[in-house]
file entry20.tsv (TSV, C-alpha atoms)
chain	number	residue	atom	x	y	z
A	262	MET	CA	-30.14	-12.85	-27.08
A	263	GLU	CA	-29.71	-9.61	-25.19
A	264	LYS	CA	-29.47	-6.30	-26.99
A	265	THR	CA	-26.04	-5.53	-28.43
A	266	LEU	CA	-24.26	-2.48	-27.09
A	267	LEU	CA	-23.47	0.29	-29.55
A	268	LEU	CA	-20.22	2.17	-28.99
A	269	GLU	CA	-19.29	5.33	-30.82
A	270	ALA	CA	-15.75	5.06	-32.23
A	271	LYS	CA	-13.38	7.70	-33.53
A	272	LEU	CA	-10.55	6.97	-35.91
A	273	ARG	CA	-7.09	7.49	-34.41
A	274	ASP	CA	-4.51	9.18	-36.63
A	275	ASP	CA	-1.74	9.68	-34.09
A	276	LYS	CA	-0.17	6.58	-32.64
A	277	GLY	CA	2.34	6.04	-29.88
A	278	THR	CA	2.63	6.47	-26.13
A	279	LYS	CA	2.13	10.24	-25.95
A	280	SER	CA	-1.00	10.36	-28.09
A	281	ALA	CA	-2.41	7.35	-26.18
A	282	ALA	CA	-1.78	9.16	-22.89
A	283	LYS	CA	-3.54	12.28	-24.25
A	284	LEU	CA	-6.52	10.15	-25.26
A	285	ARG	CA	-6.72	8.63	-21.79
A	286	ASP	CA	-6.70	12.12	-20.27
A	287	GLN	CA	-9.78	12.89	-22.38
A	288	GLY	CA	-11.62	9.83	-21.02
A	289	ARG	CA	-11.08	7.67	-24.09
A	290	ILE	CA	-8.95	4.57	-24.64
A	291	PRO	CA	-6.92	3.46	-27.64
A	292	VAL	CA	-8.37	0.37	-29.30
A	293	VAL	CA	-7.28	-1.75	-32.25
A	294	VAL	CA	-9.75	-3.59	-34.48
A	295	TYR	CA	-8.61	-6.51	-36.60
A	296	GLY	CA	-9.79	-9.76	-38.14
A	297	HIS	CA	-11.60	-11.09	-41.21
A	298	LYS	CA	-8.41	-10.64	-43.27
A	299	LYS	CA	-8.91	-6.87	-43.42
A	300	GLU	CA	-6.44	-4.15	-42.51
A	301	PRO	CA	-6.28	-3.47	-38.76
A	302	ILE	CA	-7.58	-0.03	-37.77
A	303	SER	CA	-6.72	2.11	-34.77
A	304	ILE	CA	-9.71	3.70	-33.08
A	305	SER	CA	-10.61	5.18	-29.72
A	306	LEU	CA	-13.63	4.45	-27.54
A	307	ASN	CA	-15.16	6.09	-24.51
A	308	LEU	CA	-13.61	4.53	-21.40
A	309	HIS	CA	-16.81	4.74	-19.36
A	310	ASP	CA	-18.88	3.00	-22.06
A	311	VAL	CA	-16.33	0.20	-22.44
A	312	THR	CA	-16.00	-0.34	-18.69
A	313	GLU	CA	-19.76	-0.39	-18.18
A	314	GLY	CA	-20.26	-2.69	-21.15
A	315	LEU	CA	-17.72	-5.21	-19.93
A	316	HIS	CA	-19.04	-4.96	-16.38
A	317	HIS	CA	-22.49	-5.94	-17.64
A	318	GLY	CA	-21.09	-8.91	-19.54
A	319	HIS	CA	-21.16	-7.55	-23.10
A	320	ARG	CA	-18.51	-9.41	-25.08
A	321	VAL	CA	-19.92	-8.70	-28.53
A	322	VAL	CA	-20.58	-5.05	-29.27
A	323	ASP	CA	-21.37	-2.89	-32.30
A	324	ILE	CA	-19.09	0.02	-33.07
A	325	GLU	CA	-20.18	2.97	-35.16
A	326	LEU	CA	-17.33	4.41	-37.19
A	327	ASP	CA	-18.00	7.05	-39.89
A	328	LYS	CA	-21.73	6.23	-39.68
A	329	LYS	CA	-20.99	2.59	-40.48
A	330	LYS	CA	-21.76	-0.13	-38.00
A	331	GLN	CA	-19.65	-3.24	-37.52
A	332	THR	CA	-19.93	-6.09	-35.06
A	333	VAL	CA	-16.83	-6.79	-33.01
A	334	MET	CA	-15.87	-8.85	-29.98
A	335	PHE	CA	-13.51	-7.99	-27.12
A	336	LYS	CA	-10.46	-10.18	-27.67
A	337	ALA	CA	-8.14	-8.75	-25.00
A	338	VAL	CA	-8.24	-5.95	-22.47
A	339	GLN	CA	-5.23	-4.35	-20.77
A	340	TYR	CA	-5.50	-2.77	-17.33
A	341	ASP	CA	-3.23	-0.30	-15.53
A	342	HIS	CA	-0.79	-1.44	-12.83
A	343	LEU	CA	-3.49	-1.34	-10.14
A	344	GLY	CA	-5.99	-3.24	-12.27
A	345	LYS	CA	-8.48	-0.38	-11.91
A	346	ASN	CA	-8.75	1.25	-15.32
A	347	ILE	CA	-8.72	-0.17	-18.82
A	348	ILE	CA	-5.82	1.29	-20.81
A	349	HIS	CA	-6.18	-0.58	-24.12
A	350	ALA	CA	-8.44	-3.10	-25.80
A	351	ASP	CA	-8.25	-5.45	-28.77
A	352	LEU	CA	-11.42	-5.97	-30.79
A	353	ILE	CA	-11.87	-8.69	-33.36
A	354	ARG	CA	-14.36	-8.44	-36.22
A	355	VAL	CA	-17.10	-11.05	-36.09
A	356	ASP	CA	-20.27	-11.97	-37.97
A	357	ALA	CA	-23.48	-12.83	-36.18
A	358	ALA	CA	-23.66	-16.28	-37.77
A	359	GLU	CA	-19.97	-17.06	-37.23
A	360	THR	CA	-18.72	-19.78	-34.86
A	361	ILE	CA	-15.84	-18.58	-32.72
A	362	HIS	CA	-13.42	-19.74	-30.04
A	363	VAL	CA	-13.79	-17.73	-26.88
A	364	ASN	CA	-12.70	-17.84	-23.22
A	365	VAL	CA	-15.60	-17.60	-20.79
A	366	PRO	CA	-15.19	-17.19	-17.02
A	367	ILE	CA	-16.58	-19.89	-14.76
A	368	GLU	CA	-18.88	-19.15	-11.85
A	369	LEU	CA	-18.95	-21.50	-8.88
A	370	LYS	CA	-22.46	-22.12	-7.55
A	371	GLY	CA	-23.51	-23.82	-4.34
A	372	ILE	CA	-21.87	-24.59	-1.02
A	373	ALA	CA	-19.68	-27.68	-1.22
A	374	ILE	CA	-20.24	-30.53	1.24
A	375	GLY	CA	-16.49	-30.48	1.90
A	376	THR	CA	-16.66	-26.99	3.37
A	377	HIS	CA	-18.78	-28.39	6.21
A	378	ASN	CA	-16.02	-30.95	6.85
A	379	SER	CA	-13.18	-28.44	7.37
A	380	GLY	CA	-12.31	-28.33	3.68
A	381	ILE	CA	-11.92	-25.34	1.40
A	382	ILE	CA	-12.75	-24.95	-2.26
A	383	GLU	CA	-9.80	-23.98	-4.41
A	384	GLU	CA	-10.39	-22.60	-7.89
A	385	HIS	CA	-7.47	-23.64	-10.09
A	386	THR	CA	-8.76	-22.19	-13.36
A	387	ASP	CA	-11.17	-19.32	-13.75
A	388	LYS	CA	-12.08	-19.66	-17.42
A	389	LEU	CA	-12.90	-22.25	-20.06
A	390	GLN	CA	-12.30	-22.09	-23.78
A	391	ILE	CA	-15.40	-22.90	-25.75
A	392	GLU	CA	-16.61	-22.92	-29.32
A	393	CYS	CA	-19.99	-21.37	-29.96
A	394	LYS	CA	-21.92	-18.99	-32.17
A	395	VAL	CA	-21.29	-15.30	-31.67
A	396	THR	CA	-24.88	-14.82	-30.60
A	397	ASP	CA	-24.69	-17.62	-28.02
A	398	ILE	CA	-21.65	-16.54	-25.96
A	399	PRO	CA	-22.63	-17.01	-22.31
A	400	GLU	CA	-21.65	-14.38	-19.75
A	401	THR	CA	-20.38	-17.13	-17.41
A	402	ILE	CA	-20.38	-20.90	-17.28
A	403	VAL	CA	-22.01	-22.13	-14.10
A	404	VAL	CA	-20.11	-24.87	-12.29
A	405	LEU	CA	-22.08	-26.62	-9.55
A	406	VAL	CA	-19.84	-27.45	-6.59
A	407	ALA	CA	-22.48	-28.50	-4.08
A	408	ASP	CA	-21.63	-32.22	-4.36
A	409	ILE	CA	-17.88	-31.83	-3.89
A	410	ASP	CA	-16.49	-33.39	-0.73
A	411	VAL	CA	-13.01	-33.23	0.75
A	412	GLY	CA	-10.51	-34.81	-1.66
A	413	ASP	CA	-12.81	-34.52	-4.68
A	414	ASN	CA	-11.74	-32.80	-7.88
A	415	LEU	CA	-13.76	-31.26	-10.66
A	416	HIS	CA	-12.36	-31.27	-14.19
A	417	ALA	CA	-13.32	-29.28	-17.26
A	418	GLY	CA	-14.92	-32.39	-18.78
A	419	ASP	CA	-17.31	-32.67	-15.81
A	420	VAL	CA	-18.95	-29.31	-16.47
A	421	GLU	CA	-22.38	-29.34	-18.06
A	422	LEU	CA	-22.36	-26.86	-20.90
A	423	PRO	CA	-25.44	-25.19	-22.36
A	424	ALA	CA	-26.75	-26.50	-25.70
A	425	GLY	CA	-24.80	-25.43	-28.78
A	426	ILE	CA	-21.55	-24.92	-26.88
A	427	LYS	CA	-18.53	-27.15	-27.41
A	428	LEU	CA	-15.67	-27.40	-24.94
A	429	LEU	CA	-12.22	-26.69	-26.39
A	430	SER	CA	-10.20	-26.72	-23.16
A	431	ASP	CA	-8.57	-30.00	-22.14
A	432	PRO	CA	-11.31	-32.10	-20.47
A	433	ASN	CA	-8.74	-33.22	-17.89
A	434	MET	CA	-7.93	-29.65	-16.89
A	435	LEU	CA	-8.40	-29.21	-13.16
A	436	LEU	CA	-11.01	-26.60	-12.27
A	437	VAL	CA	-11.90	-27.00	-8.63
A	438	THR	CA	-10.59	-29.04	-5.72
A	439	CYS	CA	-11.70	-29.40	-2.14
A	440	GLN	CA	-8.90	-29.87	0.36
A	441	LEU	CA	-8.50	-29.92	4.10
A	442	VAL	CA	-7.06	-26.75	5.53
A	443	ALA	CA	-3.59	-27.45	6.87
A	444	ALA	CA	-2.89	-25.95	10.27
A	445	ALA	CA	-0.94	-22.72	9.88
A	446	LYS	CA	2.64	-22.97	11.07
A	447	THR	CA	3.72	-20.97	14.06
A	448	THR	CA	6.62	-18.53	13.86
A	449	GLU	CA	8.75	-20.92	15.95
A	450	GLN	CA	8.10	-23.83	13.55
A	451	LEU	CA	9.03	-21.65	10.59
A	452	GLU	CA	12.22	-20.48	12.29
A	453	GLU	CA	13.27	-24.11	12.77
A	454	GLU	CA	12.84	-24.76	9.04
A	455	VAL	CA	14.65	-21.66	7.83
A	456	PRO	CA	18.44	-21.55	8.26
A	457	THR	CA	19.97	-18.70	10.27
A	458	ALA	CA	21.96	-17.54	7.23
A	459	PRO	CA	21.67	-18.58	3.59
A	460	GLU	CA	24.28	-20.68	1.88
A	461	VAL	CA	26.45	-18.62	-0.48
A	462	ILE	CA	26.84	-20.32	-3.87
A	463	GLY	CA	30.48	-20.91	-4.70
A	464	GLU	CA	31.78	-20.07	-1.23
A	465	ALA	CA	33.62	-22.85	0.61
A	466	LYS	CA	31.70	-24.10	3.62
A	467	PRO	CA	33.58	-23.86	6.93
A	468	GLU	CA	34.77	-27.27	8.08
A	469	GLU	CA	33.42	-28.86	11.25
A	470	GLY	CA	34.82	-27.26	14.38
A	471	GLU	CA	36.02	-24.28	12.38
A	472	GLU	CA	33.88	-21.15	12.67
A	473	ALA	CA	33.01	-18.90	9.79
A	474	GLY	CA	35.01	-16.05	11.29
A	475	GLU	CA	38.11	-18.20	11.53
A	476	ALA	CA	37.74	-19.33	7.96
A	477	LYS	CA	37.93	-15.71	6.81
A	478	GLU	CA	41.12	-15.03	8.68
B	179	MET	CA	14.13	-14.52	11.14
B	180	ALA	CA	11.10	-15.96	9.42
B	181	MET	CA	11.73	-15.74	5.68
B	182	MET	CA	15.01	-15.61	3.79
B	183	PRO	CA	16.49	-17.38	0.77
B	184	LYS	CA	18.11	-20.78	1.28
B	185	ARG	CA	20.94	-20.10	-1.17
B	186	VAL	CA	22.26	-16.80	-2.50
B	187	LYS	CA	24.87	-15.85	-5.05
B	188	HIS	CA	26.13	-12.86	-3.06
B	189	ARG	CA	25.85	-12.32	0.69
B	190	LYS	CA	25.40	-8.55	0.45
B	191	SER	CA	23.70	-6.36	-2.12
B	192	GLN	CA	23.72	-2.69	-3.07
B	193	ARG	CA	20.69	-0.63	-2.13
B	194	GLY	CA	19.32	-0.20	-5.65
B	195	LYS	CA	16.43	1.94	-6.88
B	196	MET	CA	12.78	1.15	-7.26
B	197	LYS	CA	11.23	3.00	-10.15
B	198	GLY	CA	7.89	2.58	-11.83
B	199	ASN	CA	4.92	0.38	-11.11
B	200	ALA	CA	4.48	-3.36	-10.76
B	201	SER	CA	4.20	-5.03	-14.15
B	202	ARG	CA	3.95	-8.53	-12.71
B	203	THR	CA	2.43	-9.98	-9.52
B	204	ASN	CA	-0.16	-7.20	-9.92
B	205	PHE	CA	-3.35	-9.28	-10.00
B	206	VAL	CA	-5.01	-11.84	-7.75
B	207	ALA	CA	-3.88	-15.20	-9.09
B	208	PHE	CA	-4.35	-17.87	-6.40
B	209	GLY	CA	-7.04	-16.85	-3.92
B	210	GLU	CA	-10.19	-14.82	-4.46
B	211	TYR	CA	-9.23	-11.68	-2.58
B	212	GLY	CA	-5.94	-9.87	-2.19
B	213	LEU	CA	-4.08	-7.00	-0.62
B	214	GLN	CA	-2.48	-4.70	-3.17
B	215	SER	CA	0.28	-2.22	-2.50
B	216	LEU	CA	-0.27	1.43	-3.45
B	217	GLU	CA	3.27	2.61	-2.70
B	218	THR	CA	6.87	1.69	-3.32
B	219	SER	CA	8.74	0.31	-0.34
B	220	TRP	CA	10.89	-2.41	1.13
B	221	VAL	CA	8.77	-4.87	3.10
B	222	THR	CA	10.86	-6.72	5.65
B	223	ALA	CA	10.64	-10.42	6.45
B	224	ARG	CA	9.34	-9.37	9.88
B	225	ASN	CA	6.52	-7.34	8.29
B	226	ILE	CA	5.57	-10.31	6.11
B	227	GLU	CA	5.60	-12.71	9.07
B	228	ALA	CA	3.52	-10.30	11.17
B	229	GLY	CA	0.99	-10.08	8.33
B	230	ARG	CA	0.85	-13.86	7.96
B	231	VAL	CA	0.29	-14.36	11.70
B	232	ALA	CA	-2.40	-11.64	11.76
B	233	ALA	CA	-4.30	-13.28	8.89
B	234	THR	CA	-4.04	-16.86	10.10
B	235	HIS	CA	-5.06	-15.91	13.67
B	236	PHE	CA	-8.12	-14.11	12.37
B	237	LEU	CA	-9.15	-16.89	10.00
B	238	HIS	CA	-9.08	-19.66	12.67
B	239	ARG	CA	-8.08	-22.43	10.24
B	240	GLU	CA	-10.66	-21.32	7.71
B	241	GLY	CA	-9.55	-20.42	4.21
B	242	LYS	CA	-6.05	-20.30	2.84
B	243	VAL	CA	-3.50	-17.49	2.99
B	244	TYR	CA	-1.10	-17.01	0.10
B	245	ILE	CA	2.01	-14.82	0.47
B	246	ARG	CA	2.89	-13.36	-2.93
B	247	ILE	CA	6.14	-11.59	-2.00
B	248	PHE	CA	9.46	-12.97	-0.76
B	249	PRO	CA	12.34	-11.11	0.90
B	250	HIS	CA	15.16	-11.75	-1.58
B	251	LYS	CA	17.23	-8.66	-0.78
B	252	PRO	CA	19.70	-8.56	2.12
B	253	VAL	CA	20.09	-5.23	3.92
B	254	SER	CA	23.32	-4.72	5.82
B	255	SER	CA	23.97	-2.43	8.77
B	256	LYS	CA	26.97	-1.44	10.86
B	257	PRO	CA	27.04	-2.25	14.57
B	258	LEU	CA	26.34	0.58	17.04
B	259	GLU	CA	29.22	2.82	18.13
B	260	THR	CA	31.41	1.76	15.25
B	261	ARG	CA	33.58	4.23	13.36
B	262	MET	CA	32.88	4.70	9.68
B	263	GLY	CA	34.91	2.76	7.16
B	264	LYS	CA	36.36	-0.75	7.58
B	265	GLY	CA	34.06	-2.11	4.91
B	266	LYS	CA	30.37	-2.79	4.47
B	267	GLY	CA	28.35	-3.97	7.46
B	268	GLU	CA	27.00	-7.47	7.90
B	269	PRO	CA	23.51	-8.44	6.58
B	270	ALA	CA	20.99	-7.47	9.26
B	271	PHE	CA	17.63	-8.31	7.72
B	272	TRP	CA	15.94	-9.30	4.48
B	273	VAL	CA	13.43	-7.30	2.47
B	274	ALA	CA	11.05	-7.74	-0.44
B	275	ARG	CA	10.96	-4.95	-3.01
B	276	VAL	CA	7.38	-3.81	-3.47
B	277	LYS	CA	6.12	-1.44	-6.15
B	278	PRO	CA	2.66	0.11	-6.54
B	279	GLY	CA	0.30	-2.60	-7.77
B	280	THR	CA	2.09	-5.58	-6.22
B	281	VAL	CA	-0.30	-8.05	-4.63
B	282	LEU	CA	1.21	-8.82	-1.23
B	283	PHE	CA	-1.20	-11.35	0.26
B	284	GLU	CA	-4.13	-13.38	-1.03
B	285	ILE	CA	-6.91	-15.24	0.74
B	286	GLY	CA	-9.17	-17.94	-0.68
B	287	GLY	CA	-11.95	-20.17	0.60
B	288	VAL	CA	-13.73	-17.61	2.79
B	289	GLU	CA	-16.53	-15.08	2.40
B	290	GLU	CA	-15.68	-11.62	1.13
B	291	ASN	CA	-16.36	-9.83	4.41
B	292	VAL	CA	-14.17	-12.30	6.34
B	293	ALA	CA	-11.36	-11.91	3.81
B	294	LYS	CA	-11.68	-8.14	3.98
B	295	GLN	CA	-11.43	-8.08	7.76
B	296	ALA	CA	-8.41	-10.40	7.70
B	297	LEU	CA	-6.65	-8.33	5.05
B	298	VAL	CA	-7.33	-5.09	6.93
B	299	ARG	CA	-5.44	-6.63	9.84
B	300	VAL	CA	-2.61	-7.56	7.50
B	301	ALA	CA	-2.58	-4.05	6.04
B	302	HIS	CA	-2.01	-2.61	9.50
B	303	LYS	CA	1.23	-4.61	9.70
B	304	MET	CA	2.52	-3.32	6.37
B	305	PRO	CA	4.76	-0.24	6.09
B	306	ILE	CA	2.77	1.01	3.07
B	307	ARG	CA	-0.74	2.00	2.05
B	308	CYS	CA	-2.66	-0.96	0.65
B	309	ARG	CA	-6.06	-1.68	-0.86
B	310	PHE	CA	-8.38	-4.67	-0.93
B	311	VAL	CA	-8.76	-6.27	-4.36
B	312	LYS	CA	-10.83	-9.11	-5.81
B	313	ARG	CA	-9.93	-11.60	-8.48
B	314	ARG	CA	-10.76	-10.24	-11.91
B	315	HIS	CA	-11.93	-12.71	-14.50
B	316	SER	CA	-9.79	-12.27	-17.57
B	317	LEU	CA	-11.28	-12.40	-21.05
call {"tool": "encode", "arguments": {"input": "entry20.tsv", "output": "structure tokens"}}
result
Amino acid sequence: MEKTLLLEAKLRDDKGTKSAAKLRDQGRIPVVVYGHKKEPISISLNLHDVTEGLHHGHRVVDIELDKKKQTVMFKAVQYDHLGKNIIHADLIRVDAAETIHVNVPIELKGIAIGTHNSGIIEEHTDKLQIECKVTDIPETIVVLVADIDVGDNLHAGDVELPAGIKLLSDPNMLLVTCQLVAAAKTTEQLEEEVPTAPEVIGEAKPEEGEEAGEAKE
Amino acid sequence: MAMMPKRVKHRKSQRGKMKGNASRTNFVAFGEYGLQSLETSWVTARNIEAGRVAATHFLHREGKVYIRIFPHKPVSSKPLETRMGKGKGEPAFWVARVKPGTVLFEIGGVEENVAKQALVRVAHKMPIRCRFVKRRHSL
């Protein structure tokens, strides 16, 4: 197991939008810690440390609060409207020996046979829910797509999971498909499909031979 | 006109205001790469169609282009050399309301550099500043 990241936490007394905005100005983010049937606590963490930690695949981290260490796991992360910066995070208390349910992103590996036959790989789901020990959470689950031809599908049940990991997602859940690329429609074709003016709900349609302008008069 | 609703409840609409940032449609959901708006604006059906054509021409039947916005809003205008009054003008074109953060287009099934080049071409057709974004794996 790789080394656990240690994040320095500060207890948050003020709550609400304004104090959260002030925190973010100081380069910290508001975080809530809950779980293990204990009272939830509001803390703040350094934004840079959290971003770097998540970027390097750390899901389970240690936080140091009042010189006490506790192991927690990132449960949810909220981003700003551009998806650039983390604005809030949820941490859940975990024990090293505990078995947990966690969502892990999938990583497609290989070049599918179908892509050589004018097909494209479509990723329908980007994560799988698994059950594993806290110490065994993989950074990604590798899905091999090299054998997929045009028209083939890959389901969650087809993925080979590492030892000690149990799949919780529906085994029939569609992960990856390989389909032929349909020819893009030209502007003229699209114009033929789309009506010149939309139908107005509840407005009487003009009868045949009668123009819309006449109907108004 | 390329894109417009098939059925509407009202033929004309008021201009409205666009405040705030996008709280939905603000992440790459279908493809692997996307074009994200950085400004607030109306994007016309013509803009969207020009972007679609630019992307599909560049991709040469490789990959898939997803359009994440739709022009739901009719914009009316008065004919030239008409005196003021006599009621609201007739619908002239359709627009999509775009806020900062909205993902406008997505591309899947191609390499990152190809997607980036295609989306740069799309961005040139848009009336707003845009940025290239990748799909982010959620926790």
call {"tool": "closest_atom_pairs", "arguments": {"input": "entry20.tsv", "of": "chain B", "to": "chain A", "cutoff": "9 Å", "atoms": "only C-alpha atoms", "output": "JSON lines"}}
result
{"residue": "B:Met179", "atom": "CA", "partner": "A:Glu452", "partner_atom": "CA", "distance": 6.4}
{"residue": "B:Ala180", "atom": "CA", "partner": "A:Glu452", "partner_atom": "CA", "distance": 5.5}
{"residue": "B:Met181", "atom": "CA", "partner": "A:Val455", "partner_atom": "CA", "distance": 6.9}
{"residue": "B:Met182", "atom": "CA", "partner": "A:Val455", "partner_atom": "CA", "distance": 7.3}
{"residue": "B:Pro183", "atom": "CA", "partner": "A:Pro459", "partner_atom": "CA", "distance": 6.0}
{"residue": "B:Lys184", "atom": "CA", "partner": "A:Pro459", "partner_atom": "CA", "distance": 4.8}
{"residue": "B:Arg185", "atom": "CA", "partner": "A:Glu460", "partner_atom": "CA", "distance": 4.6}
{"residue": "B:Val186", "atom": "CA", "partner": "A:Val461", "partner_atom": "CA", "distance": 5.0}
{"residue": "B:Lys187", "atom": "CA", "partner": "A:Ile462", "partner_atom": "CA", "distance": 5.0}
{"residue": "B:His188", "atom": "CA", "partner": "A:Val461", "partner_atom": "CA", "distance": 6.3}
{"residue": "B:Arg189", "atom": "CA", "partner": "A:Val461", "partner_atom": "CA", "distance": 6.4}
{"residue": "B:Asn199", "atom": "CA", "partner": "A:His342", "partner_atom": "CA", "distance": 6.2}
{"residue": "B:Ala200", "atom": "CA", "partner": "A:His342", "partner_atom": "CA", "distance": 6.0}
{"residue": "B:Ser201", "atom": "CA", "partner": "A:His342", "partner_atom": "CA", "distance": 6.3}
{"residue": "B:Arg202", "atom": "CA", "partner": "A:His342", "partner_atom": "CA", "distance": 8.5}
{"residue": "B:Asn204", "atom": "CA", "partner": "A:His342", "partner_atom": "CA", "distance": 6.5}
{"residue": "B:Phe205", "atom": "CA", "partner": "A:Gly344", "partner_atom": "CA", "distance": 7.0}
{"residue": "B:Phe208", "atom": "CA", "partner": "A:His385", "partner_atom": "CA", "distance": 7.5}
{"residue": "B:Gly209", "atom": "CA", "partner": "A:Glu383", "partner_atom": "CA", "distance": 7.7}
{"residue": "B:Glu210", "atom": "CA", "partner": "A:Glu384", "partner_atom": "CA", "distance": 8.5}
{"residue": "B:Gln214", "atom": "CA", "partner": "A:Leu343", "partner_atom": "CA", "distance": 7.8}
{"residue": "B:Ser215", "atom": "CA", "partner": "A:Leu343", "partner_atom": "CA", "distance": 8.6}
{"residue": "B:Leu216", "atom": "CA", "partner": "A:Leu343", "partner_atom": "CA", "distance": 7.9}
{"residue": "B:Glu227", "atom": "CA", "partner": "A:Thr448", "partner_atom": "CA", "distance": 7.6}
{"residue": "B:Val231", "atom": "CA", "partner": "A:Thr447", "partner_atom": "CA", "distance": 7.8}
{"residue": "B:Thr234", "atom": "CA", "partner": "A:Ala445", "partner_atom": "CA", "distance": 6.6}
{"residue": "B:His235", "atom": "CA", "partner": "A:Ala445", "partner_atom": "CA", "distance": 8.8}
{"residue": "B:Arg239", "atom": "CA", "partner": "A:Ala444", "partner_atom": "CA", "distance": 6.3}
{"residue": "B:Glu240", "atom": "CA", "partner": "A:Val442", "partner_atom": "CA", "distance": 6.9}
{"residue": "B:Gly241", "atom": "CA", "partner": "A:Ile381", "partner_atom": "CA", "distance": 6.1}
{"residue": "B:Lys242", "atom": "CA", "partner": "A:Val442", "partner_atom": "CA", "distance": 7.1}
{"residue": "B:Pro278", "atom": "CA", "partner": "A:Leu343", "partner_atom": "CA", "distance": 7.3}
{"residue": "B:Gly279", "atom": "CA", "partner": "A:Leu343", "partner_atom": "CA", "distance": 4.6}
{"residue": "B:Thr280", "atom": "CA", "partner": "A:Leu343", "partner_atom": "CA", "distance": 8.0}
{"residue": "B:Gly286", "atom": "CA", "partner": "A:Glu383", "partner_atom": "CA", "distance": 7.1}
{"residue": "B:Gly287", "atom": "CA", "partner": "A:Ile381", "partner_atom": "CA", "distance": 5.2}
{"residue": "B:Val288", "atom": "CA", "partner": "A:Ile381", "partner_atom": "CA", "distance": 8.1}
{"residue": "B:Val311", "atom": "CA", "partner": "A:Gly344", "partner_atom": "CA", "distance": 8.9}
{"residue": "B:Arg314", "atom": "CA", "partner": "A:Gly344", "partner_atom": "CA", "distance": 8.5}
{"residue": "B:His315", "atom": "CA", "partner": "A:Pro366", "partner_atom": "CA", "distance": 6.1}
{"residue": "B:Ser316", "atom": "CA", "partner": "A:Pro366", "partner_atom": "CA", "distance": 7.3}
{"residue": "B:Leu317", "atom": "CA", "partner": "A:Asn364", "partner_atom": "CA", "distance": 6.0}
call {"tool": "atom_distance", "arguments": {"input": "entry20.tsv", "atom1": "atom CA of His316 of chain A", "atom2": "atom CA of Glu217 of chain B"}}
result
27.2 Å
call {"tool": "closest_residue", "arguments": {"input": "entry20.tsv", "among": "A:Ile372, A:Leu352, A:Leu267, A:Ala282", "to": "Ile324 of chain A", "atoms": "all atoms listed in the file"}}
result
A:Leu267
call {"tool": "residues_around", "arguments": {"input": "entry20.tsv", "residues": "Tyr211 of chain B", "least_positions_apart": "3", "cutoff": "8 Å", "atoms": "only C-alpha atoms", "output": "list of chain:residue names"}}
result
B:Val206, B:Glu284, B:Ile285, B:Gly286, B:Glu290, B:Ala293, B:Lys294, B:Phe310, B:Val311, B:Lys312, B:Arg313
call {"tool": "atom_distance", "arguments": {"input": "entry20.tsv", "atom1": "atom CA of Ser430 of chain A", "atom2": "atom CA of Val403 of chain A"}}
result
15.6 Å
call {"tool": "closest_residue", "arguments": {"input": "entry20.tsv", "among": "B:Val221, B:Ala232, B:Leu258, B:Ala274", "to": "Met304 of chain B", "atoms": "all atoms listed in the file"}}
result
B:Val221
call {"tool": "atom_distance", "arguments": {"input": "entry20.tsv", "atom1": "atom CA of His238 of chain B", "atom2": "atom CA of Asn225 of chain B"}}
result
20.4 Å
call {"tool": "residues_around", "arguments": {"input": "entry20.tsv", "residues": "Arg285 of chain A", "least_positions_apart": "4", "cutoff": "10 Å", "atoms": "all atoms listed in the file", "output": "compact mmCIF listing (two decimals) with C-alpha atoms, in the coordinates of the input"}}
result
# COMPACT_ATOMS: atom_id res chain seq x y z
CA LYS A 279 2.13 10.24 -25.95
CA SER A 280 -1.00 10.36 -28.09
CA ALA A 281 -2.41 7.35 -26.18
CA ARG A 289 -11.08 7.67 -24.09
CA ILE A 290 -8.95 4.57 -24.64
CA PRO A 291 -6.92 3.46 -27.64
CA SER A 305 -10.61 5.18 -29.72
CA LEU A 306 -13.63 4.45 -27.54
CA ASN A 307 -15.16 6.09 -24.51
CA LEU A 308 -13.61 4.53 -21.40
CA ILE A 347 -8.72 -0.17 -18.82
CA ILE A 348 -5.82 1.29 -20.81
CA HIS A 349 -6.18 -0.58 -24.12
call {"tool": "residues_around", "arguments": {"input": "entry20.tsv", "residues": "segment 412-414 of chain A", "least_positions_apart": "4", "cutoff": "6 Å", "atoms": "all atoms listed in the file", "output": "PyMOL selection string"}}
result
chain A and resi 437-440
call {"tool": "residues_around", "arguments": {"input": "entry20.tsv", "residues": "Lys251 of chain B", "least_positions_apart": "2", "cutoff": "8 Å", "atoms": "all atoms listed in the file", "output": "number ranges by chain"}}
result
B: 191, 249, 253, 272-275
call {"tool": "closest_residue", "arguments": {"input": "entry20.tsv", "among": "A:Val321, A:Leu429, A:Asp356, A:Ala417", "to": "Ile398 of chain A", "atoms": "all atoms listed in the file"}}
result
A:Val321
call {"tool": "residues_near_point", "arguments": {"input": "entry20.tsv", "point": "(29.6, 0.5, 1.9)", "cutoff": "10 Å", "atoms": "only C-alpha atoms", "output": "PyMOL selection string"}}
result
chain B and resi 191-193+254-256+262-267
call {"tool": "residues_around", "arguments": {"input": "entry20.tsv", "residues": "Ala357 of chain A", "least_positions_apart": "6", "cutoff": "8 Å", "atoms": "all atoms listed in the file", "output": "VMD selection string"}}
result
chain A and resid 332 394 to 396
